[in-house]
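Only one structure is covered here, and it is reproduced in the block below.
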Amino acid sequence: MSSMSFPPARAVGRGAAWYRGDCHVHSVASDGELTPEELAGRARAAGLDFMATTEHNSPAGPGVWGHLAADDFLIVLGEE
């Protein structure tokens, strides 16, 4: 691998590209320490394109996370 950053550029729009994301986060709704707003804010500040919430024993409702998603930031709801 070369010394350049991998992937070299952030995905723009949708389609075939490398997407940066976090596939496993927990909020205060489970055993996490941050609110959904704090998690989404930190993920966006880190340059992520998506995150997946994986709360324990209950799915996260769209009302909790839906307003934090945007055209350039996807939130995947999950359950662990």
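To be explicit about the labels: the chains of the structure tokens are called A, B, and onward in the order shown, and within each one the residues are counted from 1, while ligands get numbers from 1 in the order they are shown.
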Contacts of Glu80 of chain A at 10 Å or less, counting only C-alpha atoms, minus same-chain residues fewer than 4 places along, as a list in words?
His24, His26, Ser30, Thr53, Thr54, Glu55, His56, Asn57, Ser58 and Pro59 of chain A
List every residue of chain A that DSSP, applied to the backbone of this structure, places in strand (DSSP E), and write the result as a PyMOL selection string.
chain A and resi 21-25+50-55+74-79
Go ahead and dump the residues you just picked, N, CA and C atoms, as a tab-separated table (two decimals), in the first residue's frame.
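Saved file again16.tsv follows:
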chain	number	residue	atom	x	y	z
A	21	GLY	N	-17.29	4.46	7.73
A	21	GLY	CA	-18.38	4.38	8.69
A	21	GLY	C	-18.02	3.57	9.92
A	22	ASP	N	-18.92	3.59	10.86
A	22	ASP	CA	-18.80	2.82	12.10
A	22	ASP	C	-19.99	1.88	12.15
A	23	CYS	N	-19.70	0.58	12.18
A	23	CYS	CA	-20.77	-0.43	12.12
A	23	CYS	C	-21.24	-0.91	13.48
A	24	HIS	N	-20.80	-0.26	14.56
A	24	HIS	CA	-21.19	-0.76	15.88
A	24	HIS	C	-21.08	0.36	16.91
A	25	VAL	N	-22.19	1.03	17.18
A	25	VAL	CA	-22.22	2.05	18.23
A	25	VAL	C	-23.42	1.83	19.13
A	50	PHE	N	-21.39	7.08	7.26
A	50	PHE	CA	-22.51	6.36	7.87
A	50	PHE	C	-22.13	5.87	9.25
A	51	MET	N	-23.14	5.48	9.99
A	51	MET	CA	-22.94	4.77	11.26
A	51	MET	C	-24.12	3.83	11.45
A	52	ALA	N	-23.89	2.76	12.20
A	52	ALA	CA	-24.94	1.80	12.50
A	52	ALA	C	-25.09	1.71	14.01
A	53	THR	N	-26.29	2.03	14.48
A	53	THR	CA	-26.56	1.91	15.90
A	53	THR	C	-26.99	0.48	16.18
A	54	THR	N	-26.43	-0.13	17.19
A	54	THR	CA	-26.70	-1.54	17.51
A	54	THR	C	-27.03	-1.66	19.00
A	55	GLU	N	-28.13	-1.04	19.38
A	55	GLU	CA	-28.53	-1.06	20.79
A	55	GLU	C	-28.78	-2.49	21.26
A	74	LEU	N	-25.67	8.57	6.42
A	74	LEU	CA	-26.65	7.50	6.59
A	74	LEU	C	-26.56	6.92	7.99
A	75	ILE	N	-27.71	6.67	8.60
A	75	ILE	CA	-27.76	5.99	9.89
A	75	ILE	C	-28.54	4.70	9.70
A	76	VAL	N	-27.90	3.58	10.01
A	76	VAL	CA	-28.50	2.27	9.89
A	76	VAL	C	-28.96	1.83	11.28
A	77	LEU	N	-30.22	1.46	11.39
A	77	LEU	CA	-30.74	1.03	12.69
A	77	LEU	C	-30.58	-0.48	12.83
A	78	GLY	N	-30.08	-0.91	13.99
A	78	GLY	CA	-29.87	-2.33	14.23
A	78	GLY	C	-30.16	-2.67	15.68
A	79	GLU	N	-29.97	-3.94	15.99
A	79	GLU	CA	-30.18	-4.42	17.35
A	79	GLU	C	-29.18	-5.53	17.62
Within 10 Å of Ala11 of chain A, counting only C-alpha atoms, which residues show up once you throw out same-chain ones fewer than 5 positions away? Write them as a ChimeraX atom specification, please.
/A:16-20,48-49,72
Residues near Gly63 of chain A, anyone? I mean within 12 Å using only C-alpha atoms, not counting same-chain ones fewer than 5 positions away, as a list in words.
Pro36, Leu68, Ala69 and Leu77 of chain A
Please produce a file of those selected residues containing all heavy atoms, as a PDB file, in the first residue's frame.
ATOM      1  N   PRO A  36     -27.738  10.041  21.060  1.00  0.00           N
ATOM      2  CA  PRO A  36     -27.712   9.912  19.602  1.00  0.00           C
ATOM      3  C   PRO A  36     -27.171  11.173  18.920  1.00  0.00           C
ATOM      4  O   PRO A  36     -26.391  11.083  17.965  1.00  0.00           O
ATOM      5  CB  PRO A  36     -29.175   9.666  19.245  1.00  0.00           C
ATOM      6  CG  PRO A  36     -29.706   8.928  20.435  1.00  0.00           C
ATOM      7  CD  PRO A  36     -29.037   9.617  21.605  1.00  0.00           C
ATOM      8  N   LEU A  68     -31.367  12.840  12.544  1.00  0.00           N
ATOM      9  CA  LEU A  68     -29.915  13.051  12.521  1.00  0.00           C
ATOM     10  C   LEU A  68     -29.279  12.617  11.207  1.00  0.00           C
ATOM     11  O   LEU A  68     -28.127  12.946  10.934  1.00  0.00           O
ATOM     12  CB  LEU A  68     -29.261  12.292  13.685  1.00  0.00           C
ATOM     13  CG  LEU A  68     -29.765  12.696  15.067  1.00  0.00           C
ATOM     14  CD1 LEU A  68     -29.239  11.738  16.125  1.00  0.00           C
ATOM     15  CD2 LEU A  68     -29.365  14.124  15.376  1.00  0.00           C
ATOM     16  N   ALA A  69     -30.033  11.883  10.388  1.00  0.00           N
ATOM     17  CA  ALA A  69     -29.526  11.452   9.086  1.00  0.00           C
ATOM     18  C   ALA A  69     -29.661  12.607   8.095  1.00  0.00           C
ATOM     19  O   ALA A  69     -30.412  13.547   8.317  1.00  0.00           O
ATOM     20  CB  ALA A  69     -30.322  10.245   8.594  1.00  0.00           C
ATOM     21  N   LEU A  77     -30.217   1.461  11.391  1.00  0.00           N
ATOM     22  CA  LEU A  77     -30.744   1.028  12.690  1.00  0.00           C
ATOM     23  C   LEU A  77     -30.581  -0.480  12.830  1.00  0.00           C
ATOM     24  O   LEU A  77     -30.895  -1.241  11.913  1.00  0.00           O
ATOM     25  CB  LEU A  77     -32.233   1.393  12.804  1.00  0.00           C
ATOM     26  CG  LEU A  77     -32.555   2.877  12.631  1.00  0.00           C
ATOM     27  CD1 LEU A  77     -34.060   3.081  12.783  1.00  0.00           C
ATOM     28  CD2 LEU A  77     -31.793   3.717  13.624  1.00  0.00           C
TER      29      LEU A  77
END
One number please: atom CA of Trp65 of chain A to atom CA of Ala46 of chain A, in Å, one decimal.
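For atom CA of Trp65 of chain A relative to atom CA of Ala46 of chain A, the distance reads 18.2 Å.
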From the list A:Gly32, A:Leu39, A:Gly66, A:Gly47, which residue is nearest Val12 of chain A when using only C-alpha atoms?
A:Gly47
One-decimal distance in Å that lies between atom CA of Gly13 of chain A and atom CA of His67 of chain A
19.1 Å
Quick check for you: according to DSSP on this backbone, which residues of chain A are classed as alpha helix (DSSP H)? Reply as a PyMOL selection string.
chain A and resi 36-45+62-65
